Amino acid sequence: MSKLKIGDTAPAINSFDQNNELITLEQFKGKKVVLYFYPKDMTPGCTVQSCNLRDNYQELLAKGYVVLGCSVDSPKRHVKFIDKYDLPFSLISDEAKKVVEDYGVWGLKKFMGREYMGISRTTFVINEKGAIEDIISKVDTKEHTKQIITD
């Protein structure tokens, strides 16, 4: 769904996290960023994916990664999700759908014969210079960290 390609400069982010703190991609220059887009807090697949990243967080940090999740849920809902599952990273609240549209992950989805607009589960790995290093569009929620750390 995303028109972005490996090697492209990652679109800017100016959005707020669960604590209403401004998150920008610029503040992570010099670090590798795992930016994962997921459909909805507290749903089964999103919980499994987020907990896989939580369980492997120290390994991701050791390899120089910053982890950021993003959905269109409210900051309040993100706080509940983080508290319930003890997530150690920030979740961007993109209620205005600016980030999801800039990254091309918002669009028409089909589920059980129903069509609706939503987020296509996708992870972008962004290098220290702000370029997209990898795009994971077929996310394995149970083994997501292994998809990110490929060495």
# chains A, B, ... in the order shown; residues from 1 in each chain; ligands from 1

call {"tool": "select_by_dssp", "arguments": {"residues": "chain A", "states": "strand (DSSP E or B)", "output": "MDAnalysis selection string"}}
result
chainID A and resid 9 14:17 22:24 32:37 65:71 90:93 106:111 114:119 122:126 131:136

call {"tool": "residues_around", "arguments": {"residues": "stretch 42-46 of chain A", "least_positions_apart": "3", "cutoff": "8 Å", "atoms": "only C-alpha atoms", "output": "VMD selection string"}}
result
chain A and resid 38 to 39 49 to 50 81 141

call {"tool": "write_last_selection", "arguments": {"atoms": "C-alpha atoms", "output": "compact mmCIF listing (two decimals), in the first residue's frame"}}
result
# COMPACT_ATOMS: atom_id res chain seq x y z
CA TYR A 38 -0.51 -1.17 13.89
CA PRO A 39 -4.31 -1.08 13.59
CA GLN A 49 3.28 -7.66 18.12
CA SER A 50 3.81 -4.99 20.77
CA PHE A 81 -2.31 -0.19 26.45
CA THR A 141 3.37 -10.51 15.00

call {"tool": "closest_residue", "arguments": {"among": "A:Lys142, A:Glu115, A:Tyr103, A:Ala96", "to": "A:Ala10", "atoms": "only C-alpha atoms"}}
result
A:Tyr103

call {"tool": "atom_distance", "arguments": {"atom1": "atom CA of A:Val105", "atom2": "atom CA of A:Cys51"}}
result
21.3 Å

call {"tool": "residues_around", "arguments": {"residues": "stretch 12-19 of chain A", "least_positions_apart": "4", "cutoff": "8 Å", "atoms": "only C-alpha atoms", "output": "count of residues only"}}
result
15

call {"tool": "closest_residue", "arguments": {"among": "A:Pro88, A:Gly30, A:Gly118, A:Gly69", "to": "A:Asn56", "atoms": "only C-alpha atoms"}}
result
A:Pro88

call {"tool": "atom_distance", "arguments": {"atom1": "atom CA of A:Glu95", "atom2": "atom CA of A:Leu4"}}
result
21.4 Å

call {"tool": "select_by_dssp", "arguments": {"residues": "stretch 45-126 of chain A", "states": "helix (DSSP H, G or I)", "output": "NGL selection string"}}
result
:A and (45-55 or 57-62 or 75-85 or 98-102)

call {"tool": "residues_around", "arguments": {"residues": "stretch 122-135 of chain A", "least_positions_apart": "4", "cutoff": "6 Å", "atoms": "only C-alpha atoms", "output": "number ranges by chain"}}
result
A: 6-10, 29-37

call {"tool": "closest_residue", "arguments": {"among": "A:Phe28, A:Glu101, A:Arg77, A:Lys3", "to": "A:Gly64", "atoms": "only C-alpha atoms"}}
result
A:Phe28
